[in-house]
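> Structure file entry-v7.pdb, PDB, C-alpha atoms, pLDDT in the B column, is pasted below:
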ATOM      1  CA  LEU J   1     -74.603  74.216  22.731  1.00 47.00           C
ATOM      2  CA  LEU J   2     -77.020  74.261  25.646  1.00 55.00           C
ATOM      3  CA  PRO J   3     -79.228  71.188  25.653  1.00 51.00           C
ATOM      4  CA  GLY J   4     -82.862  72.021  24.989  1.00 59.00           C
ATOM      5  CA  PHE J   5     -85.636  70.763  27.181  1.00 75.00           C
ATOM      6  CA  HIS J   6     -87.256  67.755  25.541  1.00 82.00           C
ATOM      7  CA  GLU J   7     -89.646  65.239  27.006  1.00 85.00           C
ATOM      8  CA  PHE J   8     -88.191  61.759  27.248  1.00 87.00           C
ATOM      9  CA  GLU J   9     -88.398  58.699  29.438  1.00 87.00           C
ATOM     10  CA  TRP J  10     -86.187  55.768  30.363  1.00 88.00           C
ATOM     11  CA  GLN J  11     -87.579  52.253  30.743  1.00 90.00           C
ATOM     12  CA  PRO J  12     -86.688  51.079  33.264  1.00 90.00           C
ATOM     13  CA  ALA J  13     -85.906  54.344  35.035  1.00 87.00           C
ATOM     14  CA  LEU J  14     -82.191  55.101  35.342  1.00 88.00           C
ATOM     15  CA  ASN J  15     -80.616  54.012  38.624  1.00 84.00           C
ATOM     16  CA  ASN J  16     -79.697  56.930  40.883  1.00 77.00           C
ATOM     17  CA  VAL J  17     -80.712  59.517  38.234  1.00 77.00           C
ATOM     18  CA  SER J  18     -83.678  61.858  38.597  1.00 72.00           C
ATOM     19  CA  PRO J  19     -86.483  61.296  36.054  1.00 71.00           C
ATOM     20  CA  CYS J  20     -86.737  65.089  35.598  1.00 72.00           C
ATOM     21  CA  CYS J  21     -86.159  66.163  31.955  1.00 67.00           C
ATOM     22  CA  ASN J  22     -85.753  69.919  32.543  1.00 68.00           C
ATOM     23  CA  VAL J  23     -82.184  69.938  33.781  1.00 71.00           C
ATOM     24  CA  GLY J  24     -79.717  72.596  32.673  1.00 73.00           C
ATOM     25  CA  ILE J  25     -76.124  73.180  33.687  1.00 77.00           C
ATOM     26  CA  ILE J  26     -75.271  71.507  36.990  1.00 75.00           C
ATOM     27  CA  ASN J  27     -72.350  71.736  39.367  1.00 73.00           C
ATOM     28  CA  GLY J  28     -69.934  69.021  38.315  1.00 71.00           C
ATOM     29  CA  LEU J  29     -68.985  68.451  41.939  1.00 70.00           C
ATOM     30  CA  SER J  30     -72.521  67.481  42.928  1.00 66.00           C
ATOM     31  CA  GLY J  31     -72.428  63.896  44.056  1.00 58.00           C
ATOM     32  CA  TRP J  32     -68.798  64.325  45.180  1.00 58.00           C
ATOM     33  CA  THR J  33     -68.460  62.071  48.185  1.00 57.00           C
ATOM     34  CA  SER J  34     -65.791  63.103  50.607  1.00 56.00           C
ATOM     35  CA  SER J  35     -64.533  61.590  53.793  1.00 47.00           C
ATOM     36  CA  LEU J  36     -62.860  63.319  56.700  1.00 44.00           C
ATOM     37  CA  ASP J  37     -59.453  62.583  55.204  1.00 51.00           C
ATOM     38  CA  ASP J  38     -60.243  64.166  51.830  1.00 56.00           C
ATOM     39  CA  ALA J  39     -59.023  67.601  50.968  1.00 53.00           C
ATOM     40  CA  PRO J  40     -61.660  69.887  49.459  1.00 52.00           C
ATOM     41  CA  ALA J  41     -61.888  69.772  45.687  1.00 60.00           C
ATOM     42  CA  ASP J  42     -59.472  72.274  44.160  1.00 67.00           C
ATOM     43  CA  THR J  43     -61.501  72.735  40.998  1.00 73.00           C
ATOM     44  CA  ILE J  44     -64.597  74.294  39.505  1.00 77.00           C
ATOM     45  CA  THR J  45     -66.579  72.171  37.093  1.00 83.00           C
ATOM     46  CA  ARG J  46     -69.879  72.497  35.275  1.00 85.00           C
ATOM     47  CA  ARG J  47     -71.630  69.849  33.264  1.00 86.00           C
ATOM     48  CA  TYR J  48     -74.856  68.591  31.751  1.00 87.00           C
ATOM     49  CA  ARG J  49     -76.548  65.425  32.840  1.00 87.00           C
ATOM     50  CA  TYR J  50     -75.488  62.825  30.271  1.00 90.00           C
ATOM     51  CA  ASP J  51     -78.967  61.632  29.298  1.00 89.00           C
ATOM     52  CA  VAL J  52     -80.288  65.194  28.885  1.00 89.00           C
ATOM     53  CA  ALA J  53     -77.342  66.110  26.632  1.00 90.00           C
ATOM     54  CA  LEU J  54     -77.771  62.892  24.615  1.00 92.00           C
ATOM     55  CA  VAL J  55     -81.470  63.608  24.053  1.00 91.00           C
ATOM     56  CA  SER J  56     -80.656  67.160  22.976  1.00 90.00           C
ATOM     57  CA  ALA J  57     -78.027  65.891  20.511  1.00 92.00           C
ATOM     58  CA  LEU J  58     -80.493  63.361  19.074  1.00 92.00           C
ATOM     59  CA  LYS J  59     -83.158  66.048  18.697  1.00 91.00           C
ATOM     60  CA  ASP J  60     -80.571  68.201  16.871  1.00 91.00           C
ATOM     61  CA  LEU J  61     -80.181  65.292  14.428  1.00 92.00           C
ATOM     62  CA  GLU J  62     -83.932  64.708  14.074  1.00 91.00           C
ATOM     63  CA  GLU J  63     -84.116  65.870  10.432  1.00 93.00           C
ATOM     64  CA  ASP J  64     -81.053  63.792   9.494  1.00 94.00           C
ATOM     65  CA  ILE J  65     -82.538  60.710  11.186  1.00 91.00           C
ATOM     66  CA  MET J  66     -85.871  61.140   9.388  1.00 91.00           C
ATOM     67  CA  GLU J  67     -84.061  61.683   6.077  1.00 93.00           C
ATOM     68  CA  GLY J  68     -82.043  58.504   6.697  1.00 92.00           C
ATOM     69  CA  LEU J  69     -85.256  56.561   7.276  1.00 89.00           C
ATOM     70  CA  ARG J  70     -86.733  57.882   4.010  1.00 90.00           C
ATOM     71  CA  ASP J  71     -83.515  57.191   2.075  1.00 92.00           C
ATOM     72  CA  SER J  72     -83.516  53.613   3.383  1.00 87.00           C
ATOM     73  CA  GLY J  73     -87.130  53.157   2.311  1.00 86.00           C
ATOM     74  CA  LEU J  74     -88.264  52.740   5.893  1.00 81.00           C
ATOM     75  CA  ASP J  75     -91.383  54.144   7.447  1.00 76.00           C
ATOM     76  CA  ASP J  76     -90.990  55.244  11.050  1.00 68.00           C
ATOM     77  CA  SER J  77     -93.781  52.840  12.001  1.00 67.00           C
ATOM     78  CA  ALA J  78     -91.544  49.951  10.849  1.00 63.00           C
ATOM     79  CA  CYS J  79     -89.003  50.840  13.543  1.00 66.00           C
ATOM     80  CA  THR J  80     -90.763  49.474  16.605  1.00 65.00           C
ATOM     81  CA  SER J  81     -87.775  47.413  17.732  1.00 70.00           C
ATOM     82  CA  GLY J  82     -85.800  50.570  18.459  1.00 77.00           C
ATOM     83  CA  PHE J  83     -82.713  52.412  17.380  1.00 85.00           C
ATOM     84  CA  ASN J  84     -79.079  51.879  18.273  1.00 90.00           C
ATOM     85  CA  VAL J  85     -76.971  54.967  18.882  1.00 93.00           C
ATOM     86  CA  MET J  86     -73.173  54.732  18.852  1.00 95.00           C
ATOM     87  CA  ILE J  87     -71.261  57.528  20.513  1.00 94.00           C
ATOM     88  CA  LYS J  88     -67.604  58.400  20.825  1.00 95.00           C
ATOM     89  CA  GLU J  89     -66.420  60.083  23.993  1.00 94.00           C
ATOM     90  CA  SER J  90     -63.346  62.227  24.314  1.00 92.00           C
ATOM     91  CA  CYS J  91     -61.568  63.952  27.141  1.00 87.00           C
ATOM     92  CA  ASP J  92     -59.272  66.732  25.980  1.00 86.00           C
ATOM     93  CA  GLY J  93     -56.889  69.000  27.802  1.00 84.00           C
ATOM     94  CA  MET J  94     -57.495  72.602  26.759  1.00 82.00           C
ATOM     95  CA  GLY J  95     -54.141  73.942  27.884  1.00 75.00           C
ATOM     96  CA  ASP J  96     -53.450  77.082  29.866  1.00 77.00           C
ATOM     97  CA  VAL J  97     -56.618  79.008  30.668  1.00 73.00           C
ATOM     98  CA  SER J  98     -55.208  81.036  33.522  1.00 69.00           C
ATOM     99  CA  GLU J  99     -56.744  84.396  34.236  1.00 63.00           C
ATOM    100  CA  LYS J 100     -54.053  87.027  33.938  1.00 56.00           C
ATOM    101  CA  HIS J 101     -56.080  89.709  35.694  1.00 54.00           C
ATOM    102  CA  GLY J 102     -58.885  89.728  38.215  1.00 58.00           C
ATOM    103  CA  GLY J 103     -59.557  88.265  41.579  1.00 61.00           C
ATOM    104  CA  GLY J 104     -61.568  85.137  40.870  1.00 60.00           C
ATOM    105  CA  PRO J 105     -61.285  81.938  42.898  1.00 61.00           C
ATOM    106  CA  VAL J 106     -57.969  80.115  42.944  1.00 61.00           C
ATOM    107  CA  VAL J 107     -58.273  77.181  40.556  1.00 62.00           C
ATOM    108  CA  PRO J 108     -55.839  75.174  38.457  1.00 64.00           C
ATOM    109  CA  GLU J 109     -54.612  77.059  35.410  1.00 78.00           C
ATOM    110  CA  LYS J 110     -55.555  74.294  33.013  1.00 84.00           C
ATOM    111  CA  ALA J 111     -58.928  73.038  31.820  1.00 86.00           C
ATOM    112  CA  VAL J 112     -60.278  69.724  30.563  1.00 88.00           C
ATOM    113  CA  ARG J 113     -63.339  69.160  28.400  1.00 90.00           C
ATOM    114  CA  PHE J 114     -65.254  65.870  28.342  1.00 91.00           C
ATOM    115  CA  SER J 115     -67.489  65.571  25.287  1.00 93.00           C
ATOM    116  CA  PHE J 116     -69.233  63.097  23.043  1.00 95.00           C
ATOM    117  CA  THR J 117     -70.079  62.725  19.363  1.00 95.00           C
ATOM    118  CA  ILE J 118     -72.993  60.751  17.952  1.00 96.00           C
ATOM    119  CA  MET J 119     -71.158  58.586  15.441  1.00 96.00           C
ATOM    120  CA  SER J 120     -74.105  56.657  14.003  1.00 96.00           C
ATOM    121  CA  VAL J 121     -77.755  55.803  14.412  1.00 94.00           C
ATOM    122  CA  SER J 122     -79.078  52.503  13.123  1.00 92.00           C
ATOM    123  CA  VAL J 123     -82.377  50.689  13.304  1.00 89.00           C
ATOM    124  CA  MET J 124     -83.511  47.087  13.323  1.00 81.00           C
ATOM    125  CA  ALA J 125     -86.285  47.119  10.714  1.00 72.00           C
ATOM    126  CA  GLU J 126     -88.868  44.360  10.905  1.00 71.00           C
ATOM    127  CA  ASP J 127     -88.820  43.657   7.166  1.00 68.00           C
ATOM    128  CA  LYS J 128     -85.016  43.747   6.679  1.00 70.00           C
ATOM    129  CA  GLU J 129     -82.203  41.544   7.922  1.00 74.00           C
ATOM    130  CA  GLY J 130     -79.661  43.125  10.232  1.00 77.00           C
ATOM    131  CA  GLU J 131     -79.258  46.726  11.243  1.00 85.00           C
ATOM    132  CA  VAL J 132     -79.857  49.533   8.774  1.00 88.00           C
ATOM    133  CA  SER J 133     -77.675  52.613   9.269  1.00 91.00           C
ATOM    134  CA  ILE J 134     -79.776  55.765   8.974  1.00 92.00           C
ATOM    135  CA  PHE J 135     -77.216  58.313  10.143  1.00 94.00           C
ATOM    136  CA  THR J 136     -73.426  58.393  10.092  1.00 95.00           C
ATOM    137  CA  GLU J 137     -71.541  61.470  11.268  1.00 95.00           C
ATOM    138  CA  PRO J 138     -69.734  62.799   8.166  1.00 93.00           C
ATOM    139  CA  LYS J 139     -67.130  64.727  10.173  1.00 91.00           C
ATOM    140  CA  PRO J 140     -66.600  62.780  13.409  1.00 86.00           C
ATOM    141  CA  ASN J 141     -63.573  64.811  14.491  1.00 84.00           C
ATOM    142  CA  SER J 142     -65.145  68.195  13.850  1.00 85.00           C
ATOM    143  CA  GLU J 143     -65.761  70.636  16.692  1.00 83.00           C
ATOM    144  CA  LEU J 144     -69.262  71.087  15.271  1.00 84.00           C
ATOM    145  CA  SER J 145     -70.224  67.448  15.854  1.00 88.00           C
ATOM    146  CA  CYS J 146     -68.630  67.322  19.300  1.00 90.00           C
ATOM    147  CA  LYS J 147     -71.136  67.929  22.132  1.00 90.00           C
ATOM    148  CA  PRO J 148     -69.553  69.191  25.360  1.00 88.00           C
ATOM    149  CA  LEU J 149     -70.690  67.365  28.463  1.00 90.00           C
ATOM    150  CA  SER J 150     -68.371  68.690  31.162  1.00 89.00           C
ATOM    151  CA  LEU J 151     -65.856  71.494  31.528  1.00 88.00           C
ATOM    152  CA  MET J 152     -63.533  71.479  34.507  1.00 87.00           C
ATOM    153  CA  PHE J 153     -60.597  73.500  35.726  1.00 84.00           C
ATOM    154  CA  VAL J 154     -58.101  70.746  36.386  1.00 84.00           C
ATOM    155  CA  ASP J 155     -54.751  69.659  35.013  1.00 82.00           C
ATOM    156  CA  GLU J 156     -55.247  66.710  32.668  1.00 83.00           C
ATOM    157  CA  SER J 157     -52.411  64.896  34.454  1.00 85.00           C
ATOM    158  CA  ASP J 158     -54.363  65.044  37.761  1.00 83.00           C
ATOM    159  CA  HIS J 159     -55.927  61.613  37.321  1.00 84.00           C
ATOM    160  CA  GLU J 160     -57.312  61.475  40.855  1.00 83.00           C
ATOM    161  CA  THR J 161     -59.402  64.640  40.453  1.00 82.00           C
ATOM    162  CA  LEU J 162     -60.448  63.724  36.908  1.00 84.00           C
ATOM    163  CA  THR J 163     -61.606  60.294  38.054  1.00 84.00           C
ATOM    164  CA  ALA J 164     -63.571  61.775  40.942  1.00 81.00           C
ATOM    165  CA  VAL J 165     -65.210  64.514  38.841  1.00 83.00           C
ATOM    166  CA  LEU J 166     -66.084  62.175  35.960  1.00 86.00           C
ATOM    167  CA  GLY J 167     -67.339  59.408  38.272  1.00 85.00           C
ATOM    168  CA  PRO J 168     -70.988  60.562  38.133  1.00 85.00           C
ATOM    169  CA  VAL J 169     -70.782  60.920  34.323  1.00 88.00           C
ATOM    170  CA  VAL J 170     -69.529  57.337  34.026  1.00 89.00           C
ATOM    171  CA  ALA J 171     -72.279  56.151  36.401  1.00 88.00           C
ATOM    172  CA  GLU J 172     -74.905  57.878  34.229  1.00 89.00           C
ATOM    173  CA  ARG J 173     -73.445  56.243  31.100  1.00 91.00           C
ATOM    174  CA  HIS J 174     -73.608  52.796  32.696  1.00 92.00           C
ATOM    175  CA  ALA J 175     -77.190  53.419  33.831  1.00 91.00           C
ATOM    176  CA  MET J 176     -78.173  54.404  30.269  1.00 92.00           C
ATOM    177  CA  LYS J 177     -76.711  51.181  28.878  1.00 91.00           C
ATOM    178  CA  GLU J 178     -79.066  49.190  31.132  1.00 90.00           C
ATOM    179  CA  SER J 179     -82.196  51.034  30.020  1.00 91.00           C
ATOM    180  CA  ARG J 180     -84.133  52.029  26.923  1.00 90.00           C
ATOM    181  CA  LEU J 181     -84.685  55.668  25.893  1.00 90.00           C
ATOM    182  CA  ILE J 182     -88.231  56.594  24.861  1.00 88.00           C
ATOM    183  CA  LEU J 183     -88.042  59.737  22.723  1.00 87.00           C
ATOM    184  CA  SER J 184     -90.330  61.123  20.041  1.00 85.00           C
ATOM    185  CA  ILE J 185     -88.465  61.658  16.750  1.00 83.00           C
ATOM    186  CA  GLY J 186     -90.270  63.122  13.770  1.00 78.00           C
ATOM    187  CA  GLY J 187     -93.625  62.992  15.527  1.00 70.00           C
TER     188      GLY J 187
END
For the file at hand, write its structure as structure tokens.


Amino acid sequence: LLPGFHEFEWQPALNNVSPCCNVGIINGLSGWTSSLDDAPADTITRRYRYDVALVSALKDLEEDIMEGLRDSGLDDSACTSGFNVMIKESCDGMGDVSEKHGGGPVVPEKAVRFSFTIMSVSVMAEDKEGEVSIFTEPKPNSELSCKPLSLMFVDESDHETLTAVLGPVVAERHAMKESRLILSIGG
């Protein structure tokens, strides 16, 4: 489920987020601010940048979105006012993932996955009243529709570490809400 590299743009640019589109897996502890009193993070975490993963998920749905436009009798040129994308986020404990053998780094024996699902895509068409739904996820609780955003070795009851690790993800989400994604769909 690696995000592909797709050209996109945010208007206005996202606050405190690089405009670079070619971003792969990043260290989930990047951006971790620590003071002298803080203990070092006792976790390993990897994640995608939220906007890059969202673009990849939308591009995966490109055919479904175009089919939804056709089924609704809409031409893509009639959709100049933009699309609305509703997502559902989830944070799930994955249980015991301890390594029984080997000499890897000492990390918590439990893992947590933070993921999102694109629930629906709708459009405000110029010639119709209200929003027109052009995609609705048929299996919203399926593993296949769930896009992983972050994987971390941490106990799900360790709220302090979870909050710190997911802080940059939440900041990226808030930045996206204040901007508009420019992405080519269906040409």

> Give me the residues within 12 Å of J:Gly28 as a list in words, counting only C-alpha atoms and dropping any in the same chain fewer than 3 places off.

Gly24, Ile25, Gly31, Trp32, Ala41, Thr43, Ile44, Thr45, Arg46, Arg47, Tyr48, Arg49, Tyr50, Arg113, Phe114, Leu149, Ser150, Leu151, Met152, Phe153, Thr161, Leu162, Ala164, Val165, Leu166, Gly167, Pro168 and Val169 of chain J

> As a list in words, please: the residues near J:Asp96 (cut-off 12 Å, only C-alpha atoms, same-chain neighbours under 5 positions excluded).

Val107, Pro108, Glu109, Lys110, Ala111, Val112, Phe153, Val154, Asp155 and Glu156 of chain J

> As a check of understanding, name the residues that the PyMOL selection byres ((chain J and resi 120) around 8) selects in the supplied structure, as a PyMOL selection string.

chain J and resi 85-87+118-119+121-122+133-137

> With the PyMOL selection byres ((chain J and resi 176-184) around 8) as the selection, what would be picked from this file? Answer as a PyMOL selection string, please.

chain J and resi 7-14+51+55+172-175+185-187

> Write a file of the just-selected residues containing C-alpha atoms, as a PDB file, in the coordinates of the input.


ATOM      1  CA  GLU J   7     -89.646  65.239  27.006  1.00 85.00           C
ATOM      2  CA  PHE J   8     -88.191  61.759  27.248  1.00 87.00           C
ATOM      3  CA  GLU J   9     -88.398  58.699  29.438  1.00 87.00           C
ATOM      4  CA  TRP J  10     -86.187  55.768  30.363  1.00 88.00           C
ATOM      5  CA  GLN J  11     -87.579  52.253  30.743  1.00 90.00           C
ATOM      6  CA  PRO J  12     -86.688  51.079  33.264  1.00 90.00           C
ATOM      7  CA  ALA J  13     -85.906  54.344  35.035  1.00 87.00           C
ATOM      8  CA  LEU J  14     -82.191  55.101  35.342  1.00 88.00           C
ATOM      9  CA  ASP J  51     -78.967  61.632  29.298  1.00 89.00           C
ATOM     10  CA  VAL J  55     -81.470  63.608  24.053  1.00 91.00           C
ATOM     11  CA  GLU J 172     -74.905  57.878  34.229  1.00 89.00           C
ATOM     12  CA  ARG J 173     -73.445  56.243  31.100  1.00 91.00           C
ATOM     13  CA  HIS J 174     -73.608  52.796  32.696  1.00 92.00           C
ATOM     14  CA  ALA J 175     -77.190  53.419  33.831  1.00 91.00           C
ATOM     15  CA  ILE J 185     -88.465  61.658  16.750  1.00 83.00           C
ATOM     16  CA  GLY J 186     -90.270  63.122  13.770  1.00 78.00           C
ATOM     17  CA  GLY J 187     -93.625  62.992  15.527  1.00 70.00           C
TER      18      GLY J 187
END

> What is the distance, in Å and to one decimal place, between atom CA of J:Asn16 and atom CA of J:Val52?

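Separation of atom CA of J:Asn16 and atom CA of J:Val52: 14.6 Å.
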
> Find the residue from J:Lys59, J:Lys139, J:His6, J:Lys147 that sits nearest to J:Thr117; use only C-alpha atoms when measuring.

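Distance minimum relative to J:Thr117 lands on J:Lys147.
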
> I would like the residues chosen by the PyMOL selection byres ((chain J and resi 60) around 12) on the shown file; could you give them as a PyMOL selection string?

chain J and resi 1-6+53-59+61-66+118+144-145+147+185-186

> Considering all atoms listed in the file, state which residue in the set J:Met94, J:Val132, J:Ala171, J:Cys146 is at the smallest distance from J:Gly73.

J:Val132

> How many Å lie between atom CA of J:Glu89 and atom CA of J:Arg70, rounded to one decimal?

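Rounded to one decimal, the two atoms are 28.6 Å apart.
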
> Just how far from atom CA of J:Gly82 is atom CA of J:Val17, in Å to one decimal?

22.3 Å

> Determine the nearest neighbour of J:Ser81 from the options J:Ser115, J:Ile26, J:Glu126, J:Pro138, counting all atoms listed in the file.

J:Glu126

> Of the candidates J:Ser72, J:Ser90, J:Ser18, J:Ser157, which shows the shortest atom-to-atom distance to J:Glu131, using all atoms listed in the file?

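Of all the options, J:Ser72 lies closest to J:Glu131.
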
> Identify which of the residues J:Asn84, J:Asp75, J:Cys91, J:Val123 lies closest to J:Thr163, counting all atoms listed in the file when measuring atom-to-atom distances.

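Result for the nearest residue to J:Thr163: J:Cys91.
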
> For stretch 147-168 of chain J, where the input has fewer atoms than it should, I would like N, CA, C and O atoms rebuilt and written as a PDB file, in the frame of the given file.


ATOM      1  N   LYS J 147     -70.221  67.330  21.154  1.00 90.00           N
ATOM      2  CA  LYS J 147     -71.136  67.929  22.132  1.00 90.00           C
ATOM      3  C   LYS J 147     -70.471  67.947  23.510  1.00 90.00           C
ATOM      4  O   LYS J 147     -70.188  66.891  24.082  1.00 90.00           O
ATOM      5  N   PRO J 148     -70.205  69.126  24.039  1.00 88.00           N
ATOM      6  CA  PRO J 148     -69.553  69.191  25.360  1.00 88.00           C
ATOM      7  C   PRO J 148     -70.472  68.681  26.450  1.00 88.00           C
ATOM      8  O   PRO J 148     -71.668  68.963  26.445  1.00 88.00           O
ATOM      9  N   LEU J 149     -69.918  67.915  27.355  1.00 90.00           N
ATOM     10  CA  LEU J 149     -70.690  67.365  28.463  1.00 90.00           C
ATOM     11  C   LEU J 149     -70.221  67.948  29.785  1.00 90.00           C
ATOM     12  O   LEU J 149     -71.023  68.199  30.679  1.00 90.00           O
ATOM     13  N   SER J 150     -68.916  68.172  29.906  1.00 89.00           N
ATOM     14  CA  SER J 150     -68.371  68.690  31.162  1.00 89.00           C
ATOM     15  C   SER J 150     -67.151  69.549  30.865  1.00 89.00           C
ATOM     16  O   SER J 150     -66.349  69.223  29.993  1.00 89.00           O
ATOM     17  N   LEU J 151     -67.034  70.642  31.601  1.00 88.00           N
ATOM     18  CA  LEU J 151     -65.856  71.494  31.528  1.00 88.00           C
ATOM     19  C   LEU J 151     -65.347  71.667  32.946  1.00 88.00           C
ATOM     20  O   LEU J 151     -66.118  71.998  33.851  1.00 88.00           O
ATOM     21  N   MET J 152     -64.080  71.403  33.152  1.00 87.00           N
ATOM     22  CA  MET J 152     -63.533  71.479  34.507  1.00 87.00           C
ATOM     23  C   MET J 152     -62.169  72.139  34.494  1.00 87.00           C
ATOM     24  O   MET J 152     -61.404  71.976  33.540  1.00 87.00           O
ATOM     25  N   PHE J 153     -61.912  72.917  35.536  1.00 84.00           N
ATOM     26  CA  PHE J 153     -60.597  73.500  35.726  1.00 84.00           C
ATOM     27  C   PHE J 153     -59.773  72.495  36.508  1.00 84.00           C
ATOM     28  O   PHE J 153     -59.904  72.371  37.725  1.00 84.00           O
ATOM     29  N   VAL J 154     -58.952  71.768  35.780  1.00 84.00           N
ATOM     30  CA  VAL J 154     -58.101  70.746  36.386  1.00 84.00           C
ATOM     31  C   VAL J 154     -57.001  70.439  35.379  1.00 84.00           C
ATOM     32  O   VAL J 154     -57.197  70.555  34.177  1.00 84.00           O
ATOM     33  N   ASP J 155     -55.847  70.072  35.890  1.00 82.00           N
ATOM     34  CA  ASP J 155     -54.751  69.659  35.013  1.00 82.00           C
ATOM     35  C   ASP J 155     -55.054  68.251  34.522  1.00 82.00           C
ATOM     36  O   ASP J 155     -55.420  67.378  35.314  1.00 82.00           O
ATOM     37  N   GLU J 156     -54.921  68.019  33.221  1.00 83.00           N
ATOM     38  CA  GLU J 156     -55.247  66.710  32.668  1.00 83.00           C
ATOM     39  C   GLU J 156     -54.378  65.585  33.234  1.00 83.00           C
ATOM     40  O   GLU J 156     -54.744  64.419  33.147  1.00 83.00           O
ATOM     41  N   SER J 157     -53.256  65.926  33.850  1.00 85.00           N
ATOM     42  CA  SER J 157     -52.411  64.896  34.454  1.00 85.00           C
ATOM     43  C   SER J 157     -52.851  64.571  35.889  1.00 85.00           C
ATOM     44  O   SER J 157     -52.325  63.649  36.492  1.00 85.00           O
ATOM     45  N   ASP J 158     -53.842  65.298  36.417  1.00 83.00           N
ATOM     46  CA  ASP J 158     -54.363  65.044  37.761  1.00 83.00           C
ATOM     47  C   ASP J 158     -55.446  63.971  37.672  1.00 83.00           C
ATOM     48  O   ASP J 158     -56.642  64.249  37.720  1.00 83.00           O
ATOM     49  N   HIS J 159     -55.002  62.723  37.539  1.00 84.00           N
ATOM     50  CA  HIS J 159     -55.927  61.613  37.321  1.00 84.00           C
ATOM     51  C   HIS J 159     -56.890  61.406  38.482  1.00 84.00           C
ATOM     52  O   HIS J 159     -58.039  61.023  38.274  1.00 84.00           O
ATOM     53  N   GLU J 160     -56.450  61.667  39.692  1.00 83.00           N
ATOM     54  CA  GLU J 160     -57.312  61.475  40.855  1.00 83.00           C
ATOM     55  C   GLU J 160     -58.529  62.398  40.807  1.00 83.00           C
ATOM     56  O   GLU J 160     -59.668  61.965  40.993  1.00 83.00           O
ATOM     57  N   THR J 161     -58.292  63.687  40.530  1.00 82.00           N
ATOM     58  CA  THR J 161     -59.402  64.640  40.453  1.00 82.00           C
ATOM     59  C   THR J 161     -60.274  64.349  39.245  1.00 82.00           C
ATOM     60  O   THR J 161     -61.508  64.371  39.338  1.00 82.00           O
ATOM     61  N   LEU J 162     -59.659  64.053  38.097  1.00 84.00           N
ATOM     62  CA  LEU J 162     -60.448  63.724  36.908  1.00 84.00           C
ATOM     63  C   LEU J 162     -61.352  62.526  37.149  1.00 84.00           C
ATOM     64  O   LEU J 162     -62.532  62.539  36.783  1.00 84.00           O
ATOM     65  N   THR J 163     -60.818  61.491  37.764  1.00 84.00           N
ATOM     66  CA  THR J 163     -61.606  60.294  38.054  1.00 84.00           C
ATOM     67  C   THR J 163     -62.763  60.622  38.980  1.00 84.00           C
ATOM     68  O   THR J 163     -63.892  60.164  38.763  1.00 84.00           O
ATOM     69  N   ALA J 164     -62.515  61.421  39.989  1.00 81.00           N
ATOM     70  CA  ALA J 164     -63.571  61.775  40.942  1.00 81.00           C
ATOM     71  C   ALA J 164     -64.650  62.629  40.282  1.00 81.00           C
ATOM     72  O   ALA J 164     -65.843  62.401  40.465  1.00 81.00           O
ATOM     73  N   VAL J 165     -64.247  63.614  39.474  1.00 83.00           N
ATOM     74  CA  VAL J 165     -65.210  64.514  38.841  1.00 83.00           C
ATOM     75  C   VAL J 165     -66.019  63.774  37.779  1.00 83.00           C
ATOM     76  O   VAL J 165     -67.221  64.015  37.624  1.00 83.00           O
ATOM     77  N   LEU J 166     -65.379  62.883  37.031  1.00 86.00           N
ATOM     78  CA  LEU J 166     -66.084  62.175  35.960  1.00 86.00           C
ATOM     79  C   LEU J 166     -66.815  60.930  36.456  1.00 86.00           C
ATOM     80  O   LEU J 166     -67.563  60.311  35.691  1.00 86.00           O
ATOM     81  N   GLY J 167     -66.649  60.579  37.718  1.00 85.00           N
ATOM     82  CA  GLY J 167     -67.339  59.408  38.272  1.00 85.00           C
ATOM     83  C   GLY J 167     -68.842  59.425  38.048  1.00 85.00           C
ATOM     84  O   GLY J 167     -69.418  58.444  37.560  1.00 85.00           O
ATOM     85  N   PRO J 168     -69.539  60.529  38.378  1.00 85.00           N
ATOM     86  CA  PRO J 168     -70.988  60.562  38.133  1.00 85.00           C
ATOM     87  C   PRO J 168     -71.359  60.463  36.646  1.00 85.00           C
ATOM     88  O   PRO J 168     -72.379  59.879  36.290  1.00 85.00           O
TER      89      PRO J 168
END
